[in-house]
Each structure stands twice: as structure tokens, then as C-alpha cells.
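Source file: query28.cif (mmCIF, N, CA, C and O atoms)
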```cif
data_run
loop_
_atom_site.label_atom_id
_atom_site.label_comp_id
_atom_site.auth_asym_id
_atom_site.auth_seq_id
_atom_site.Cartn_x
_atom_site.Cartn_y
_atom_site.Cartn_z
N MET E 1 -0.61 6.87 -6.40
CA MET E 1 -1.50 6.32 -5.40
C MET E 1 -2.93 6.22 -5.94
O MET E 1 -3.61 5.24 -5.68
N ASN E 2 -3.36 7.26 -6.65
CA ASN E 2 -4.73 7.25 -7.15
C ASN E 2 -4.96 6.13 -8.17
O ASN E 2 -6.04 5.55 -8.22
N ALA E 3 -3.94 5.83 -8.97
CA ALA E 3 -4.06 4.74 -9.94
C ALA E 3 -4.15 3.40 -9.20
O ALA E 3 -4.94 2.53 -9.58
N ILE E 4 -3.39 3.23 -8.13
CA ILE E 4 -3.46 2.01 -7.33
C ILE E 4 -4.84 1.88 -6.70
O ILE E 4 -5.45 0.80 -6.70
N ILE E 5 -5.38 2.98 -6.20
CA ILE E 5 -6.71 2.97 -5.61
C ILE E 5 -7.75 2.53 -6.63
O ILE E 5 -8.65 1.73 -6.32
N GLN E 6 -7.63 3.02 -7.86
CA GLN E 6 -8.58 2.63 -8.91
C GLN E 6 -8.52 1.13 -9.18
O GLN E 6 -9.55 0.47 -9.32
N VAL E 7 -7.32 0.58 -9.24
CA VAL E 7 -7.18 -0.85 -9.51
C VAL E 7 -7.65 -1.68 -8.31
O VAL E 7 -8.34 -2.69 -8.46
N GLU E 8 -7.30 -1.25 -7.11
CA GLU E 8 -7.61 -2.02 -5.91
C GLU E 8 -9.10 -2.04 -5.59
O GLU E 8 -9.64 -3.07 -5.21
N SER E 9 -9.76 -0.88 -5.68
CA SER E 9 -11.14 -0.81 -5.19
C SER E 9 -12.07 0.06 -6.03
O SER E 9 -13.23 0.22 -5.66
N GLY E 10 -11.56 0.64 -7.09
CA GLY E 10 -12.38 1.57 -7.86
C GLY E 10 -12.70 2.83 -7.07
O GLY E 10 -13.64 3.55 -7.37
N GLY E 11 -11.93 3.08 -6.01
CA GLY E 11 -12.14 4.27 -5.18
C GLY E 11 -13.10 4.06 -4.03
O GLY E 11 -13.43 5.00 -3.31
N ASN E 12 -13.54 2.83 -3.80
CA ASN E 12 -14.50 2.52 -2.74
C ASN E 12 -13.76 2.34 -1.41
O ASN E 12 -13.09 1.33 -1.20
N SER E 13 -13.92 3.29 -0.51
CA SER E 13 -13.22 3.22 0.78
C SER E 13 -13.79 2.14 1.70
O SER E 13 -13.18 1.79 2.69
N LYS E 14 -14.96 1.60 1.36
CA LYS E 14 -15.58 0.56 2.18
C LYS E 14 -15.37 -0.85 1.59
O LYS E 14 -15.93 -1.82 2.09
N ALA E 15 -14.55 -0.95 0.55
CA ALA E 15 -14.32 -2.24 -0.12
C ALA E 15 -13.68 -3.25 0.83
O ALA E 15 -12.85 -2.89 1.67
N LYS E 16 -14.09 -4.51 0.68
CA LYS E 16 -13.52 -5.60 1.47
C LYS E 16 -13.30 -6.80 0.56
O LYS E 16 -14.13 -7.09 -0.29
N ASN E 17 -12.17 -7.46 0.77
CA ASN E 17 -11.88 -8.69 0.04
C ASN E 17 -11.04 -9.55 0.98
O ASN E 17 -9.84 -9.33 1.11
N GLY E 18 -11.68 -10.47 1.66
CA GLY E 18 -10.97 -11.27 2.67
C GLY E 18 -10.51 -10.37 3.80
O GLY E 18 -11.30 -9.61 4.35
N ASN E 19 -9.21 -10.41 4.09
CA ASN E 19 -8.68 -9.55 5.16
C ASN E 19 -8.16 -8.21 4.63
O ASN E 19 -7.60 -7.42 5.38
N GLN E 20 -8.36 -7.96 3.34
CA GLN E 20 -7.96 -6.68 2.74
C GLN E 20 -9.14 -5.73 2.76
O GLN E 20 -10.24 -6.12 2.37
N CYS E 21 -8.90 -4.51 3.21
CA CYS E 21 -9.99 -3.56 3.35
C CYS E 21 -9.60 -2.17 2.87
O CYS E 21 -8.44 -1.80 2.85
N GLY E 22 -10.63 -1.40 2.53
CA GLY E 22 -10.46 -0.01 2.19
C GLY E 22 -10.10 0.22 0.74
O GLY E 22 -9.98 -0.70 -0.06
N ALA E 23 -9.91 1.48 0.40
CA ALA E 23 -9.63 1.89 -0.97
C ALA E 23 -8.35 1.28 -1.52
O ALA E 23 -8.24 0.99 -2.70
N MET E 24 -7.37 1.07 -0.63
CA MET E 24 -6.08 0.52 -1.08
C MET E 24 -5.92 -0.95 -0.72
O MET E 24 -4.86 -1.52 -0.90
N GLN E 25 -6.99 -1.57 -0.19
CA GLN E 25 -7.00 -2.99 0.15
C GLN E 25 -5.82 -3.36 1.06
O GLN E 25 -4.99 -4.20 0.74
N ILE E 26 -5.77 -2.72 2.20
CA ILE E 26 -4.68 -2.89 3.16
C ILE E 26 -4.99 -4.05 4.10
O ILE E 26 -6.10 -4.19 4.60
N THR E 27 -3.98 -4.89 4.33
CA THR E 27 -4.12 -6.05 5.21
C THR E 27 -3.72 -5.70 6.64
O THR E 27 -3.02 -4.70 6.87
N PRO E 28 -4.14 -6.52 7.60
CA PRO E 28 -3.70 -6.29 8.99
C PRO E 28 -2.17 -6.33 9.12
O PRO E 28 -1.60 -5.58 9.92
N ILE E 29 -1.50 -7.17 8.34
CA ILE E 29 -0.04 -7.24 8.40
C ILE E 29 0.59 -5.91 7.96
O ILE E 29 1.59 -5.48 8.53
N MET E 30 -0.02 -5.25 6.98
CA MET E 30 0.48 -3.96 6.52
C MET E 30 0.33 -2.89 7.62
O MET E 30 1.22 -2.08 7.83
N VAL E 31 -0.80 -2.93 8.32
CA VAL E 31 -1.00 -1.99 9.44
C VAL E 31 0.06 -2.23 10.50
O VAL E 31 0.66 -1.27 11.02
N ALA E 32 0.32 -3.49 10.81
CA ALA E 32 1.34 -3.82 11.81
C ALA E 32 2.72 -3.34 11.36
O ALA E 32 3.49 -2.82 12.17
N GLU E 33 3.03 -3.51 10.07
CA GLU E 33 4.32 -3.05 9.55
C GLU E 33 4.44 -1.53 9.67
O GLU E 33 5.49 -1.01 10.05
N CYS E 34 3.36 -0.82 9.37
CA CYS E 34 3.37 0.64 9.53
C CYS E 34 3.66 1.02 10.98
O CYS E 34 4.47 1.90 11.25
N ASN E 35 3.01 0.33 11.90
CA ASN E 35 3.21 0.63 13.32
C ASN E 35 4.62 0.28 13.77
O ASN E 35 5.20 0.99 14.60
N ASN E 36 5.21 -0.77 13.22
CA ASN E 36 6.60 -1.11 13.53
C ASN E 36 7.55 -0.02 13.03
O ASN E 36 8.51 0.33 13.73
N ILE E 37 7.29 0.49 11.85
CA ILE E 37 8.12 1.58 11.30
C ILE E 37 7.99 2.81 12.18
O ILE E 37 9.00 3.46 12.52
N LEU E 38 6.76 3.15 12.55
CA LEU E 38 6.55 4.32 13.41
C LEU E 38 7.26 4.16 14.75
O LEU E 38 7.88 5.09 15.25
N LYS E 39 7.18 2.96 15.32
CA LYS E 39 7.84 2.69 16.59
C LYS E 39 9.35 2.84 16.46
O LYS E 39 10.00 3.46 17.30
N ALA E 40 9.91 2.30 15.37
CA ALA E 40 11.36 2.40 15.13
C ALA E 40 11.80 3.85 14.95
O ALA E 40 12.92 4.21 15.29
N ARG E 41 10.89 4.67 14.43
CA ARG E 41 11.18 6.10 14.23
C ARG E 41 10.85 6.93 15.46
O ARG E 41 10.86 8.15 15.41
N LYS E 42 10.52 6.25 16.55
CA LYS E 42 10.22 6.89 17.83
C LYS E 42 9.00 7.81 17.77
O LYS E 42 8.90 8.80 18.49
N SER E 43 8.06 7.47 16.89
CA SER E 43 6.82 8.24 16.78
C SER E 43 5.79 7.66 17.73
O SER E 43 5.74 6.45 17.94
N LYS E 44 4.95 8.52 18.28
CA LYS E 44 3.88 8.06 19.14
C LYS E 44 2.64 7.66 18.33
O LYS E 44 1.73 7.03 18.85
N LYS E 45 2.61 8.06 17.08
CA LYS E 45 1.46 7.77 16.21
C LYS E 45 1.37 6.26 15.94
O LYS E 45 2.38 5.59 15.79
N ARG E 46 0.13 5.74 15.87
CA ARG E 46 -0.12 4.36 15.50
C ARG E 46 -1.38 4.31 14.64
O ARG E 46 -2.30 5.11 14.83
N PHE E 47 -1.42 3.35 13.72
CA PHE E 47 -2.60 3.14 12.90
C PHE E 47 -3.42 2.00 13.48
O PHE E 47 -2.88 1.09 14.11
N THR E 48 -4.72 2.03 13.24
CA THR E 48 -5.62 0.96 13.67
C THR E 48 -6.17 0.27 12.42
O THR E 48 -6.07 0.79 11.31
N LEU E 49 -6.77 -0.89 12.62
CA LEU E 49 -7.38 -1.60 11.50
C LEU E 49 -8.50 -0.76 10.87
O LEU E 49 -8.71 -0.80 9.66
N ALA E 50 -9.20 0.01 11.68
CA ALA E 50 -10.28 0.86 11.16
C ALA E 50 -9.75 1.96 10.23
O ALA E 50 -10.48 2.43 9.36
N ASP E 51 -8.49 2.34 10.40
CA ASP E 51 -7.90 3.39 9.55
C ASP E 51 -7.84 2.97 8.08
O ASP E 51 -7.74 3.82 7.19
N ARG E 52 -7.94 1.67 7.81
CA ARG E 52 -7.91 1.20 6.43
C ARG E 52 -9.10 1.72 5.63
O ARG E 52 -9.05 1.79 4.41
N PHE E 53 -10.18 2.09 6.31
CA PHE E 53 -11.38 2.57 5.63
C PHE E 53 -11.34 4.07 5.36
O PHE E 53 -12.26 4.62 4.77
N SER E 54 -10.29 4.73 5.79
CA SER E 54 -10.08 6.15 5.52
C SER E 54 -9.10 6.28 4.35
O SER E 54 -7.97 5.79 4.43
N ILE E 55 -9.53 6.94 3.28
CA ILE E 55 -8.64 7.09 2.13
C ILE E 55 -7.40 7.88 2.51
O ILE E 55 -6.29 7.51 2.14
N SER E 56 -7.56 8.93 3.30
CA SER E 56 -6.40 9.75 3.66
C SER E 56 -5.42 8.95 4.54
O SER E 56 -4.20 9.03 4.34
N LYS E 57 -5.93 8.16 5.47
CA LYS E 57 -5.04 7.37 6.32
C LYS E 57 -4.41 6.21 5.54
O LYS E 57 -3.27 5.83 5.79
N SER E 58 -5.16 5.66 4.59
CA SER E 58 -4.60 4.62 3.72
C SER E 58 -3.43 5.18 2.92
O SER E 58 -2.40 4.53 2.77
N LYS E 59 -3.59 6.40 2.40
CA LYS E 59 -2.51 7.04 1.66
C LYS E 59 -1.31 7.30 2.56
O LYS E 59 -0.17 7.14 2.15
N GLU E 60 -1.57 7.70 3.81
CA GLU E 60 -0.48 7.90 4.77
C GLU E 60 0.29 6.60 4.98
O GLU E 60 1.52 6.60 5.02
N MET E 61 -0.43 5.49 5.11
CA MET E 61 0.22 4.20 5.31
C MET E 61 1.04 3.83 4.08
O MET E 61 2.17 3.36 4.21
N PHE E 62 0.49 4.05 2.89
CA PHE E 62 1.22 3.77 1.65
C PHE E 62 2.52 4.56 1.61
O PHE E 62 3.59 4.02 1.34
N LEU E 63 2.43 5.86 1.91
CA LEU E 63 3.63 6.71 1.87
C LEU E 63 4.65 6.31 2.93
O LEU E 63 5.86 6.34 2.68
N LEU E 64 4.18 5.89 4.09
CA LEU E 64 5.08 5.43 5.15
C LEU E 64 5.82 4.18 4.71
O LEU E 64 7.05 4.09 4.84
N ILE E 65 5.09 3.21 4.18
CA ILE E 65 5.70 1.97 3.69
C ILE E 65 6.72 2.28 2.61
O ILE E 65 7.84 1.75 2.60
N GLN E 66 6.36 3.16 1.68
CA GLN E 66 7.27 3.50 0.58
C GLN E 66 8.51 4.23 1.10
O GLN E 66 9.62 3.98 0.63
N SER E 67 8.33 5.12 2.05
CA SER E 67 9.49 5.87 2.57
C SER E 67 10.50 4.94 3.23
O SER E 67 11.70 5.20 3.22
N TYR E 68 10.01 3.85 3.79
CA TYR E 68 10.89 2.89 4.48
C TYR E 68 11.48 1.86 3.51
O TYR E 68 12.67 1.60 3.53
N HIS E 69 10.63 1.27 2.68
CA HIS E 69 11.06 0.17 1.81
C HIS E 69 11.47 0.61 0.41
O HIS E 69 12.07 -0.17 -0.33
N ASN E 70 11.11 1.83 0.01
CA ASN E 70 11.39 2.32 -1.33
C ASN E 70 11.80 3.79 -1.24
O ASN E 70 11.15 4.66 -1.81
N PRO E 71 12.89 4.08 -0.52
CA PRO E 71 13.24 5.49 -0.26
C PRO E 71 13.59 6.31 -1.50
O PRO E 71 13.52 7.53 -1.46
N VAL E 72 13.94 5.65 -2.60
CA VAL E 72 14.25 6.41 -3.82
C VAL E 72 13.00 6.70 -4.66
O VAL E 72 13.09 7.30 -5.72
N ASN E 73 11.84 6.27 -4.16
CA ASN E 73 10.56 6.51 -4.83
C ASN E 73 10.52 5.97 -6.25
O ASN E 73 10.05 6.64 -7.17
N ASP E 74 10.99 4.76 -6.43
CA ASP E 74 10.91 4.08 -7.72
C ASP E 74 9.45 3.71 -7.96
O ASP E 74 8.88 2.91 -7.20
N VAL E 75 8.83 4.30 -8.98
CA VAL E 75 7.40 4.11 -9.23
C VAL E 75 7.09 2.64 -9.53
O VAL E 75 6.13 2.08 -9.00
N GLU E 76 7.90 2.02 -10.35
CA GLU E 76 7.66 0.62 -10.68
C GLU E 76 7.74 -0.26 -9.44
O GLU E 76 6.89 -1.12 -9.21
N LYS E 77 8.74 -0.03 -8.61
CA LYS E 77 8.88 -0.80 -7.37
C LYS E 77 7.68 -0.56 -6.45
O LYS E 77 7.18 -1.48 -5.81
N ALA E 78 7.22 0.69 -6.38
CA ALA E 78 6.08 1.02 -5.53
C ALA E 78 4.84 0.23 -5.97
O ALA E 78 4.14 -0.35 -5.14
N ILE E 79 4.60 0.19 -7.27
CA ILE E 79 3.42 -0.50 -7.79
C ILE E 79 3.54 -2.01 -7.59
O ILE E 79 2.64 -2.65 -7.06
N ARG E 80 4.67 -2.55 -8.00
CA ARG E 80 4.84 -4.01 -7.92
C ARG E 80 4.86 -4.50 -6.47
O ARG E 80 4.28 -5.53 -6.14
N SER E 81 5.51 -3.76 -5.58
CA SER E 81 5.59 -4.20 -4.18
C SER E 81 4.23 -4.07 -3.48
O SER E 81 3.95 -4.83 -2.56
N TRP E 82 3.40 -3.13 -3.92
CA TRP E 82 2.07 -3.01 -3.32
C TRP E 82 1.24 -4.25 -3.63
O TRP E 82 0.44 -4.70 -2.82
N ASN E 83 1.49 -4.84 -4.78
CA ASN E 83 0.75 -6.03 -5.19
C ASN E 83 1.41 -7.31 -4.71
O ASN E 83 0.74 -8.22 -4.23
N GLY E 84 2.73 -7.40 -4.83
CA GLY E 84 3.41 -8.67 -4.57
C GLY E 84 4.29 -8.69 -3.34
O GLY E 84 5.01 -9.66 -3.12
N GLY E 85 4.25 -7.65 -2.54
CA GLY E 85 5.10 -7.58 -1.36
C GLY E 85 6.51 -7.15 -1.72
O GLY E 85 6.84 -6.96 -2.89
N MET E 86 7.35 -7.00 -0.72
CA MET E 86 8.69 -6.48 -0.96
C MET E 86 9.56 -7.44 -1.76
O MET E 86 10.50 -7.03 -2.41
N ASN E 87 9.25 -8.72 -1.74
CA ASN E 87 10.02 -9.70 -2.50
C ASN E 87 9.24 -10.15 -3.74
O ASN E 87 9.25 -11.31 -4.11
N TYR E 88 8.56 -9.20 -4.38
CA TYR E 88 7.72 -9.49 -5.54
C TYR E 88 8.54 -10.07 -6.70
O TYR E 88 9.75 -9.88 -6.78
N SER E 89 7.83 -10.77 -7.59
CA SER E 89 8.45 -11.20 -8.84
C SER E 89 7.86 -10.34 -9.95
O SER E 89 6.67 -9.99 -9.92
N VAL E 90 8.68 -9.97 -10.91
CA VAL E 90 8.22 -9.15 -12.03
C VAL E 90 7.11 -9.90 -12.77
O VAL E 90 6.06 -9.33 -13.09
N ARG E 91 7.32 -11.18 -13.01
CA ARG E 91 6.33 -11.97 -13.73
C ARG E 91 5.00 -12.02 -12.98
O ARG E 91 3.93 -11.87 -13.57
N GLY E 92 5.07 -12.22 -11.68
CA GLY E 92 3.86 -12.34 -10.86
C GLY E 92 3.09 -11.05 -10.70
O GLY E 92 1.90 -11.08 -10.37
N THR E 93 3.73 -9.93 -10.92
CA THR E 93 3.07 -8.63 -10.75
C THR E 93 2.87 -7.89 -12.07
O THR E 93 2.40 -6.75 -12.07
N GLN E 94 3.19 -8.53 -13.18
CA GLN E 94 3.14 -7.85 -14.47
C GLN E 94 1.74 -7.35 -14.84
O GLN E 94 1.58 -6.21 -15.24
N ARG E 95 0.74 -8.20 -14.67
CA ARG E 95 -0.61 -7.79 -15.04
C ARG E 95 -1.10 -6.63 -14.17
O ARG E 95 -1.70 -5.68 -14.66
N TYR E 96 -0.82 -6.71 -12.88
CA TYR E 96 -1.19 -5.63 -11.96
C TYR E 96 -0.48 -4.34 -12.35
O TYR E 96 -1.09 -3.27 -12.42
N PHE E 97 0.81 -4.43 -12.62
CA PHE E 97 1.61 -3.27 -13.02
C PHE E 97 1.00 -2.61 -14.27
O PHE E 97 0.84 -1.40 -14.32
N GLU E 98 0.63 -3.42 -15.24
CA GLU E 98 0.05 -2.88 -16.48
C GLU E 98 -1.30 -2.20 -16.22
O GLU E 98 -1.59 -1.15 -16.79
N LYS E 99 -2.11 -2.79 -15.33
CA LYS E 99 -3.40 -2.19 -14.99
C LYS E 99 -3.20 -0.81 -14.36
O LYS E 99 -3.87 0.15 -14.72
N VAL E 100 -2.29 -0.75 -13.38
CA VAL E 100 -2.04 0.53 -12.70
C VAL E 100 -1.50 1.55 -13.70
O VAL E 100 -1.94 2.70 -13.71
N MET E 101 -0.56 1.13 -14.53
CA MET E 101 0.02 2.05 -15.50
C MET E 101 -1.03 2.58 -16.49
O MET E 101 -0.94 3.71 -16.95
N SER E 102 -2.05 1.76 -16.78
CA SER E 102 -3.09 2.22 -17.71
C SER E 102 -3.88 3.39 -17.12
O SER E 102 -4.45 4.18 -17.86
N TYR E 103 -3.91 3.52 -15.80
CA TYR E 103 -4.59 4.65 -15.15
C TYR E 103 -3.70 5.89 -15.11
O TYR E 103 -4.17 6.99 -14.91
N LEU E 104 -2.39 5.69 -15.27
CA LEU E 104 -1.47 6.83 -15.29
C LEU E 104 -1.42 7.35 -16.70
O LEU E 104 -1.25 8.42 -17.03
#
```
When written as C-alpha cells, how does the structure in this file appear?
Amino acid sequence: MNAIIQVESGGNSKAKNGNQCGAMQITPIMVAECNNILKARKSKKRFTLADRFSISKSKEMFLLIQSYHNPVNDVEKAIRSWNGGMNYSVRGTQRYFEKVMSYL
């Protein structure tokens, strides 16, 4: 997660790029997906768009998404899907993957 944060924002929790915000550059669609997962798990917890500016809540969202879409904790899948979505292409995420790996 920390390597992804470095690539996404350099650790700046106030970073903005279009509709992507926070240290992990989370989109509104990602927040909605987190809330859908929580709802399906019968949790009362919900994330807000403002939570994207909290590093700890951003990490919670990352872990929630990974637990649902990447339950075996495949590191490569986690990195590539964070950049290219769940239907990422290896070619399209290669440069991002290499950047993140350079921080590991």
C-alpha cells in the first residue's frame, strides 16, 4: 500500500487529479464500490467522498476492495488492478507496476 501511495501522490493526502483524490487517488466510483461491498456484507459502515483525504480510511478502502476482488492477496493483481481496474491489461499497467515495484 505504501508503495502505491508513493506512486499515486507522493504521500500527499490532499492530492487531487480530476475526480481522483487523496493519497491513493480514489475515485467516487471506488467509494461507491466499497459501500456496495459493505452493504452486501451487511455492515452498517459506509465511506464518504471526504474519506478519500484520510490516509487511514483510504487504506481501509484499498483493503476492502482487495478482500473482495483479490481474496488470495496476489500482489501483482493488487497493483495492476489499482491502476487499470479489475479488467486491467498487463501491457496497459506495466509501467505503473514497475514504478510501484521500484518502491518495494
>> Using all atoms listed in the file, list the residues that have an atom at most 6 Å from (-3.3, -2.3, 10.3), coordinates as in the file, as an NGL selection string.
In response: :E and (27-32 or 47-49)
>> Evaluated on this file, the PyMOL selection byres (((chain E and resi 59-68 and name CA) around 12) and name CA) picks out some residues - which ones are they, written as a ChimeraX atom specification?
In response: /E:1-5,13,22-38,40-41,45-49,51-58,69-83,85-86
Padding of 4 Å on every side, edges along x, y and z, all listed atoms of region 71-81 of chain E included: what centre and edge lengths in Å, to one decimal, does that box have, as JSON?
```
{"center_x": 8.4, "center_y": 1.0, "center_z": -5.5, "size_x": 19.6, "size_y": 21.1, "size_z": 18.4}
```
> What separation in Å, quoted to one decimal, exists between CA of Gln6 (chain E) and CA of Asn19 (chain E)?
Replying inline: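 Computing it gives 18.6 Å between the two atoms.
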>> Quick check, in Å to one decimal: how far apart do CA of Asn17 (chain E) and CA of Lys39 (chain E) lie?
In response: 28.1 Å
> So what do you get for atom O of Val100 (chain E) versus atom N of Gly18 (chain E), distance-wise?
Replying inline: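 Atom N of Gly18 (chain E) lies 22.5 Å from atom O of Val100 (chain E).
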>> For the strand (DSSP E or B) assignment from backbone DSSP, which residues of chain E qualify? Please present them as an NGL selection string.
In response: :E and (16-17 or 20-21 or 26)
> Among chain E, which ones does DSSP place in alpha helix (DSSP H), written as a ChimeraX atom specification?
Replying inline: /E:2-9,28-40,55-69,75-84,90-103
Could I get region 23-33 of chain E rebuilt with all heavy atoms, written as an mmCIF file, keeping the file's coordinate frame?
```cif
data_model
loop_
_atom_site.group_PDB
_atom_site.id
_atom_site.type_symbol
_atom_site.label_atom_id
_atom_site.label_comp_id
_atom_site.auth_asym_id
_atom_site.auth_seq_id
_atom_site.Cartn_x
_atom_site.Cartn_y
_atom_site.Cartn_z
ATOM 1 N N ALA E 23 -9.910 1.480 0.400
ATOM 2 C CA ALA E 23 -9.630 1.890 -0.970
ATOM 3 C C ALA E 23 -8.350 1.280 -1.520
ATOM 4 O O ALA E 23 -8.240 0.990 -2.700
ATOM 5 C CB ALA E 23 -9.566 3.409 -1.065
ATOM 6 N N MET E 24 -7.370 1.070 -0.630
ATOM 7 C CA MET E 24 -6.080 0.520 -1.080
ATOM 8 C C MET E 24 -5.920 -0.950 -0.720
ATOM 9 O O MET E 24 -4.860 -1.520 -0.900
ATOM 10 C CB MET E 24 -4.925 1.354 -0.530
ATOM 11 C CG MET E 24 -4.950 2.785 -1.052
ATOM 12 S SD MET E 24 -3.460 3.713 -0.718
ATOM 13 C CE MET E 24 -2.427 3.159 -2.083
ATOM 14 N N GLN E 25 -6.990 -1.570 -0.190
ATOM 15 C CA GLN E 25 -7.000 -2.990 0.150
ATOM 16 C C GLN E 25 -5.820 -3.360 1.060
ATOM 17 O O GLN E 25 -4.990 -4.200 0.740
ATOM 18 C CB GLN E 25 -7.023 -3.840 -1.116
ATOM 19 C CG GLN E 25 -8.306 -3.689 -1.915
ATOM 20 C CD GLN E 25 -9.510 -4.249 -1.175
ATOM 21 O OE1 GLN E 25 -9.707 -5.438 -1.143
ATOM 22 N NE2 GLN E 25 -10.314 -3.393 -0.559
ATOM 23 N N ILE E 26 -5.770 -2.720 2.200
ATOM 24 C CA ILE E 26 -4.680 -2.890 3.160
ATOM 25 C C ILE E 26 -4.990 -4.050 4.100
ATOM 26 O O ILE E 26 -6.100 -4.190 4.600
ATOM 27 C CB ILE E 26 -4.452 -1.581 3.950
ATOM 28 C CG1 ILE E 26 -3.995 -0.488 2.977
ATOM 29 C CG2 ILE E 26 -3.456 -1.781 5.075
ATOM 30 C CD1 ILE E 26 -3.882 0.885 3.584
ATOM 31 N N THR E 27 -3.980 -4.890 4.330
ATOM 32 C CA THR E 27 -4.120 -6.050 5.210
ATOM 33 C C THR E 27 -3.720 -5.700 6.640
ATOM 34 O O THR E 27 -3.020 -4.700 6.870
ATOM 35 C CB THR E 27 -3.204 -7.200 4.737
ATOM 36 O OG1 THR E 27 -1.850 -6.760 4.820
ATOM 37 C CG2 THR E 27 -3.523 -7.637 3.319
ATOM 38 N N PRO E 28 -4.140 -6.520 7.600
ATOM 39 C CA PRO E 28 -3.700 -6.290 8.990
ATOM 40 C C PRO E 28 -2.170 -6.330 9.120
ATOM 41 O O PRO E 28 -1.600 -5.580 9.920
ATOM 42 C CB PRO E 28 -4.341 -7.448 9.756
ATOM 43 C CG PRO E 28 -5.563 -7.792 8.960
ATOM 44 C CD PRO E 28 -5.158 -7.585 7.521
ATOM 45 N N ILE E 29 -1.500 -7.170 8.340
ATOM 46 C CA ILE E 29 -0.040 -7.240 8.400
ATOM 47 C C ILE E 29 0.590 -5.910 7.960
ATOM 48 O O ILE E 29 1.590 -5.480 8.530
ATOM 49 C CB ILE E 29 0.474 -8.411 7.536
ATOM 50 C CG1 ILE E 29 0.065 -9.728 8.185
ATOM 51 C CG2 ILE E 29 1.969 -8.345 7.320
ATOM 52 C CD1 ILE E 29 0.282 -10.955 7.327
ATOM 53 N N MET E 30 -0.020 -5.250 6.980
ATOM 54 C CA MET E 30 0.480 -3.960 6.520
ATOM 55 C C MET E 30 0.330 -2.890 7.620
ATOM 56 O O MET E 30 1.220 -2.080 7.830
ATOM 57 C CB MET E 30 -0.262 -3.525 5.259
ATOM 58 C CG MET E 30 0.218 -2.217 4.681
ATOM 59 S SD MET E 30 1.827 -2.309 3.883
ATOM 60 C CE MET E 30 1.435 -3.294 2.464
ATOM 61 N N VAL E 31 -0.800 -2.930 8.320
ATOM 62 C CA VAL E 31 -1.000 -1.990 9.440
ATOM 63 C C VAL E 31 0.060 -2.230 10.500
ATOM 64 O O VAL E 31 0.660 -1.270 11.020
ATOM 65 C CB VAL E 31 -2.432 -2.126 10.031
ATOM 66 C CG1 VAL E 31 -2.596 -1.243 11.264
ATOM 67 C CG2 VAL E 31 -3.485 -1.790 8.986
ATOM 68 N N ALA E 32 0.320 -3.490 10.810
ATOM 69 C CA ALA E 32 1.340 -3.820 11.810
ATOM 70 C C ALA E 32 2.720 -3.340 11.360
ATOM 71 O O ALA E 32 3.490 -2.820 12.170
ATOM 72 C CB ALA E 32 1.358 -5.320 12.076
ATOM 73 N N GLU E 33 3.030 -3.510 10.070
ATOM 74 C CA GLU E 33 4.320 -3.050 9.550
ATOM 75 C C GLU E 33 4.440 -1.530 9.670
ATOM 76 O O GLU E 33 5.490 -1.010 10.050
ATOM 77 C CB GLU E 33 4.481 -3.490 8.082
ATOM 78 C CG GLU E 33 5.717 -2.963 7.393
ATOM 79 C CD GLU E 33 7.042 -3.509 7.931
ATOM 80 O OE1 GLU E 33 7.051 -4.338 8.852
ATOM 81 O OE2 GLU E 33 8.086 -3.075 7.420
#
```
